[in-house]
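Colleague: Below you'll find my_file_32.tsv; it's TSV, C-alpha atoms.
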```tsv
chain	number	residue	atom	x	y	z
A	1	MET	CA	0.00	0.00	0.00
A	2	SER	CA	1.38	3.42	-0.92
A	3	LYS	CA	2.12	6.03	1.70
A	4	HIS	CA	-0.07	8.66	-0.03
A	5	GLN	CA	-3.61	8.22	-1.27
A	6	ILE	CA	-6.28	10.72	-2.33
A	7	LYS	CA	-9.87	9.90	-1.47
A	8	LYS	CA	-12.34	11.82	-3.62
A	9	GLU	CA	-15.57	9.83	-3.19
A	10	HIS	CA	-17.37	10.14	0.15
A	11	LEU	CA	-20.58	8.64	1.55
A	12	THR	CA	-23.25	11.22	2.48
A	13	THR	CA	-26.31	10.33	4.58
A	14	ASN	CA	-29.10	12.27	6.29
A	15	TRP	CA	-29.45	12.77	10.03
A	16	ALA	CA	-32.26	14.53	11.95
A	17	GLY	CA	-30.68	17.99	11.64
A	18	GLY	CA	-28.94	17.88	8.25
A	19	LYS	CA	-26.46	15.73	6.34
A	20	THR	CA	-23.23	13.96	7.28
A	21	THR	CA	-20.42	12.89	4.98
A	22	GLU	CA	-18.04	10.16	6.05
A	23	LEU	CA	-14.58	11.03	4.74
A	24	TYR	CA	-12.69	8.10	6.27
A	25	ILE	CA	-13.21	5.32	8.78
A	26	TYR	CA	-10.59	3.01	10.29
A	27	PRO	CA	-10.38	0.08	10.00
A	28	GLU	CA	-11.64	0.63	6.47
A	29	ASP	CA	-14.07	-2.32	6.70
A	30	SER	CA	-15.69	-0.99	9.90
A	31	HIS	CA	-19.03	0.83	10.10
A	32	TYR	CA	-20.16	3.90	12.03
A	33	LYS	CA	-23.61	2.45	12.82
A	34	THR	CA	-22.18	-0.74	14.38
A	35	GLY	CA	-19.54	1.25	16.30
A	36	ASP	CA	-16.69	-1.13	15.40
A	37	PHE	CA	-14.36	1.68	14.27
A	38	LEU	CA	-11.21	3.03	15.96
A	39	PHE	CA	-11.56	6.47	14.39
A	40	ARG	CA	-13.86	8.23	11.96
A	41	ILE	CA	-13.43	11.50	10.06
A	42	SER	CA	-16.53	13.26	8.74
A	43	THR	CA	-18.20	16.55	7.94
A	44	ALA	CA	-21.78	17.44	8.80
A	45	SER	CA	-24.25	20.20	8.21
A	46	ILE	CA	-26.40	21.47	11.06
A	47	GLU	CA	-29.41	22.90	9.21
A	48	ILE	CA	-31.77	23.50	12.13
A	49	GLU	CA	-31.32	26.25	14.72
A	50	GLU	CA	-31.24	23.91	17.72
A	51	SER	CA	-30.25	20.24	17.77
A	52	VAL	CA	-29.34	17.46	20.18
A	53	PHE	CA	-26.22	15.44	19.45
A	54	THR	CA	-26.49	11.66	19.33
A	55	GLN	CA	-24.83	10.23	22.41
A	56	LEU	CA	-21.83	8.08	21.50
A	57	PRO	CA	-20.50	6.20	24.56
A	58	GLU	CA	-16.73	5.59	24.64
A	59	VAL	CA	-16.09	8.07	21.81
A	60	GLU	CA	-13.81	11.10	22.17
A	61	ARG	CA	-14.94	13.82	19.78
A	62	THR	CA	-13.30	16.85	18.24
A	63	LEU	CA	-15.64	19.17	16.34
A	64	MET	CA	-14.40	22.09	14.22
A	65	VAL	CA	-16.62	24.61	12.45
A	66	LEU	CA	-15.89	25.10	8.73
A	67	GLU	CA	-18.71	27.57	7.94
A	68	GLY	CA	-21.19	29.41	10.12
A	69	GLN	CA	-21.24	29.53	13.90
A	70	VAL	CA	-22.51	27.17	16.56
A	71	LYS	CA	-22.77	27.22	20.34
A	72	LEU	CA	-22.13	23.80	21.92
A	73	ILE	CA	-23.73	23.28	25.31
A	74	HIS	CA	-22.36	20.26	27.16
A	75	LYS	CA	-24.69	19.77	30.14
A	76	ASN	CA	-22.76	19.77	33.46
A	77	HIS	CA	-19.46	20.39	31.62
A	78	HIS	CA	-18.87	23.51	29.52
A	79	THR	CA	-20.29	25.72	26.78
A	80	LYS	CA	-18.29	26.95	23.81
A	81	VAL	CA	-19.08	29.17	20.81
A	82	LEU	CA	-17.32	28.02	17.65
A	83	LYS	CA	-16.62	30.19	14.60
A	84	PRO	CA	-14.80	28.95	11.47
A	85	LEU	CA	-11.70	26.89	12.37
A	86	ASP	CA	-12.51	26.96	16.12
A	87	SER	CA	-12.76	23.50	17.68
A	88	ASP	CA	-14.01	21.80	20.82
A	89	GLN	CA	-13.18	18.43	22.35
A	90	PHE	CA	-15.75	16.47	24.33
A	91	LEU	CA	-16.88	12.98	25.22
A	92	GLY	CA	-19.58	11.32	23.14
A	93	GLU	CA	-21.58	10.27	26.19
A	94	TRP	CA	-22.04	13.88	27.29
A	95	GLU	CA	-25.47	15.40	26.78
A	96	THR	CA	-24.67	17.95	24.07
A	97	ASN	CA	-26.98	20.49	22.45
A	98	SER	CA	-26.12	22.96	19.71
A	99	VAL	CA	-27.55	26.35	18.83
A	100	GLY	CA	-26.82	27.78	15.39
A	101	LYS	CA	-26.34	26.52	11.86
A	102	CYS	CA	-23.00	25.47	10.48
A	103	ILE	CA	-20.95	23.02	8.49
A	104	ASP	CA	-18.59	21.18	10.80
A	105	PHE	CA	-15.70	18.74	10.71
A	106	ASN	CA	-15.60	15.81	13.12
A	107	LEU	CA	-12.95	13.45	14.42
A	108	MET	CA	-14.27	10.56	16.52
A	109	CYS	CA	-11.80	8.31	18.35
A	110	LYS	CA	-12.41	5.06	20.29
A	111	SER	CA	-10.51	2.33	22.11
A	112	GLY	CA	-7.45	4.34	23.10
A	113	THR	CA	-7.07	5.99	19.69
A	114	LYS	CA	-6.02	9.64	19.98
A	115	GLY	CA	-5.95	12.42	17.43
A	116	LYS	CA	-5.76	16.15	16.97
A	117	VAL	CA	-7.17	18.54	14.40
A	118	LYS	CA	-5.88	21.90	13.13
A	119	GLY	CA	-7.53	24.21	10.62
A	120	TYR	CA	-5.89	26.72	8.30
A	121	ASN	CA	-6.94	29.43	5.86
A	122	TYR	CA	-4.23	29.97	3.26
A	123	LYS	CA	-4.08	32.91	0.87
A	124	GLU	CA	-3.68	32.34	-2.86
A	125	ASN	CA	-0.10	31.78	-4.09
A	126	THR	CA	1.41	31.18	-0.66
A	127	GLU	CA	3.76	28.39	0.40
A	128	HIS	CA	3.88	26.70	3.78
A	129	SER	CA	5.94	24.04	5.51
A	130	ILE	CA	3.90	21.39	7.21
A	131	LYS	CA	5.04	18.75	9.68
A	132	LEU	CA	2.91	15.61	9.94
A	133	ASP	CA	3.93	13.76	13.09
A	134	GLY	CA	1.00	11.37	13.55
A	135	LYS	CA	1.09	7.63	12.89
A	136	ILE	CA	-1.49	8.37	10.17
A	137	ASN	CA	-2.07	11.92	8.90
A	138	PHE	CA	-4.76	13.46	6.73
A	139	ILE	CA	-5.18	16.71	4.87
A	140	PHE	CA	-8.80	17.57	4.08
A	141	LEU	CA	-9.19	20.38	1.57
A	142	TYR	CA	-12.58	21.86	2.36
A	143	LYS	CA	-12.38	24.56	-0.31
A	144	GLY	CA	-9.67	25.71	-2.68
A	145	LEU	CA	-6.80	24.25	-4.66
A	146	ILE	CA	-3.49	23.16	-3.14
A	147	GLU	CA	-0.38	21.19	-3.98
A	148	PHE	CA	1.03	19.05	-1.19
A	149	ASN	CA	4.56	18.08	-2.18
A	150	ASP	CA	3.69	17.18	-5.80
A	151	THR	CA	0.09	16.04	-5.21
A	152	ARG	CA	-2.75	18.34	-6.26
A	153	LEU	CA	-5.94	18.50	-4.16
A	154	THR	CA	-9.27	20.15	-5.04
A	155	ASP	CA	-12.48	20.82	-3.06
A	156	SER	CA	-13.40	17.99	-0.65
A	157	ASP	CA	-10.34	15.84	-1.39
A	158	LEU	CA	-8.84	13.91	1.53
A	159	LEU	CA	-5.15	13.10	1.34
A	160	ILE	CA	-4.15	10.11	3.45
A	161	ILE	CA	-0.49	9.93	4.55
A	162	LYS	CA	0.10	6.57	6.24
A	163	SER	CA	3.32	7.49	8.01
A	164	GLU	CA	5.08	10.32	9.76
A	165	SER	CA	6.13	12.90	7.19
A	166	LEU	CA	8.20	15.71	8.65
A	167	MET	CA	9.36	17.88	5.76
A	168	ASN	CA	6.49	18.81	3.47
A	169	LYS	CA	5.70	21.73	1.23
A	170	LEU	CA	2.15	22.92	0.77
A	171	LYS	CA	1.31	25.55	-1.84
A	172	ALA	CA	-2.10	27.24	-1.96
A	173	LEU	CA	-2.85	27.84	-5.64
A	174	GLU	CA	-6.14	29.53	-4.66
A	175	GLN	CA	-7.56	30.82	-1.38
A	176	SER	CA	-7.85	27.51	0.51
A	177	GLN	CA	-9.33	26.23	3.75
A	178	ILE	CA	-7.80	22.98	5.01
A	179	VAL	CA	-8.03	20.73	8.02
A	180	VAL	CA	-5.00	18.67	9.08
A	181	ILE	CA	-5.71	15.56	11.13
A	182	TYR	CA	-3.00	13.79	13.12
A	183	ILE	CA	-3.81	10.32	14.50
A	184	THR	CA	-1.20	10.15	17.24
A	185	GLU	CA	-2.16	6.86	18.91
A	186	VAL	CA	-3.83	3.90	17.15
A	187	ASN	CA	-3.40	0.15	16.96
A	188	LEU	CA	-2.39	-0.32	13.29
A	189	GLU	CA	-2.74	-4.09	13.01
```
Can the structure from this file be put into structure tokens for me?
Modeller:
Amino acid sequence: MSKHQIKKEHLTTNWAGGKTTELYIYPEDSHYKTGDFLFRISTASIEIEESVFTQLPEVERTLMVLEGQVKLIHKNHHTKVLKPLDSDQFLGEWETNSVGKCIDFNLMCKSGTKGKVKGYNYKENTEHSIKLDGKINFIFLYKGLIEFNDTRLTDSDLLIIKSESLMNKLKALEQSQIVVIYITEVNLE
């Protein structure tokens, strides 16, 4: 298996408050509905003003807003307002409500898997160095056009880098919004 792979086709389904698109699930033969995954990367739209998040026991979640604004209310824990590229981490078993409409990015981790998410807005014709220090790393191009090393990504492409990759060049060929995902702990059997 190669160290770099671009995933362009994604599965989109409806949920009570909008749509969700699964970008990647690991292991690749696992399923979100059965809960047999170690981590899942997705985007979702929240199209109603107020919604209740599905409780997901034993799942650590990171949610980042890509467009819009949302207020997350975690009962008996904390409340956080998220604007584009702001993120919040919380446990899936928490009672979580949201207020506001947005498009968000989600990382769900289970069974000791750990990950982190960072979002960037890059101006057209700019170059950046990027260090990918996870066991598996991903670059999700939400909008724009970029070159990562010599690989070109367009809107909604997910680049999968299956190893640590420390010296990388990223060039934004257009105004681009990206999310970098680092899976720092996972059992890669």
Colleague: Using only C-alpha atoms, pick whichever of A:Asn149, A:Asn76, A:Thr184, A:Gln177 has the shortest atom-to-atom distance to Glu164 in chain A.
Modeller: A:Thr184
Colleague: Compile a residue-level contact table for range 53-111 of chain A against range 26-49 of chain A at a cut-off of 9 Å, reporting for every qualifying residue the shortest atom pair and its distance in Å to one decimal, with all atoms listed in the file counted, rows ordered by chain and ascending number, as CSV.
Modeller:
```
residue,atom,partner,partner_atom,distance
A:Leu56,CA,A:Gly35,CA,8.9
A:Val59,CA,A:Phe39,CA,8.8
A:Leu66,CA,A:Thr43,CA,8.9
A:Val70,CA,A:Ile46,CA,8.8
A:Ser98,CA,A:Glu49,CA,7.9
A:Val99,CA,A:Glu49,CA,5.6
A:Gly100,CA,A:Glu49,CA,4.8
A:Lys101,CA,A:Ile46,CA,5.1
A:Cys102,CA,A:Ile46,CA,5.3
A:Ile103,CA,A:Ser45,CA,4.3
A:Asp104,CA,A:Ala44,CA,5.3
A:Phe105,CA,A:Thr43,CA,4.3
A:Asn106,CA,A:Ser42,CA,5.2
A:Leu107,CA,A:Ile41,CA,4.8
A:Met108,CA,A:Arg40,CA,5.1
A:Cys109,CA,A:Phe39,CA,4.4
A:Lys110,CA,A:Leu38,CA,4.9
A:Ser111,CA,A:Leu38,CA,6.2
```
Colleague: Nearest to Gln175 in chain A: which of A:Arg152, A:His128, A:Lys123, A:Lys162 is it, counting only C-alpha atoms?
Modeller: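 Answer, going by the shortest atom-to-atom distance: A:Lys123.
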Colleague: Could you tell me which of A:Asp86, A:Glu58, A:Glu93, A:Asp133 comes closest to Gly119 in chain A if we count all atoms listed in the file?
Modeller: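 Closest to Gly119 in chain A, using all atoms listed in the file: A:Asp86.
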Colleague: May I ask for the distance between CA of Leu170 in chain A and CA of Glu67 in chain A, given in Å to one decimal place?
Modeller: 22.5 Å
Colleague: When you look at Thr79 in chain A with a cut-off of 10 Å (counting only C-alpha atoms), what residues show up, excluding the ones that are within fewer than 3 positions of it in the same chain? I need them as a PyMOL selection string.
Modeller: chain A and resi 71-76+82+88+96-98
Colleague: So what do you get for CA of Asn125 in chain A versus CA of Lys171 in chain A, distance-wise?
Modeller: 6.8 Å
Colleague: Which is closest to Lys131 in chain A among A:Tyr182, A:Trp15, A:Trp94, A:Tyr24, if we use only C-alpha atoms?
Modeller: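 Closest candidate: A:Tyr182.
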Colleague: One number please: CA of Asn187 in chain A to CA of Phe138 in chain A, in Å, one decimal.
Modeller: 16.8 Å
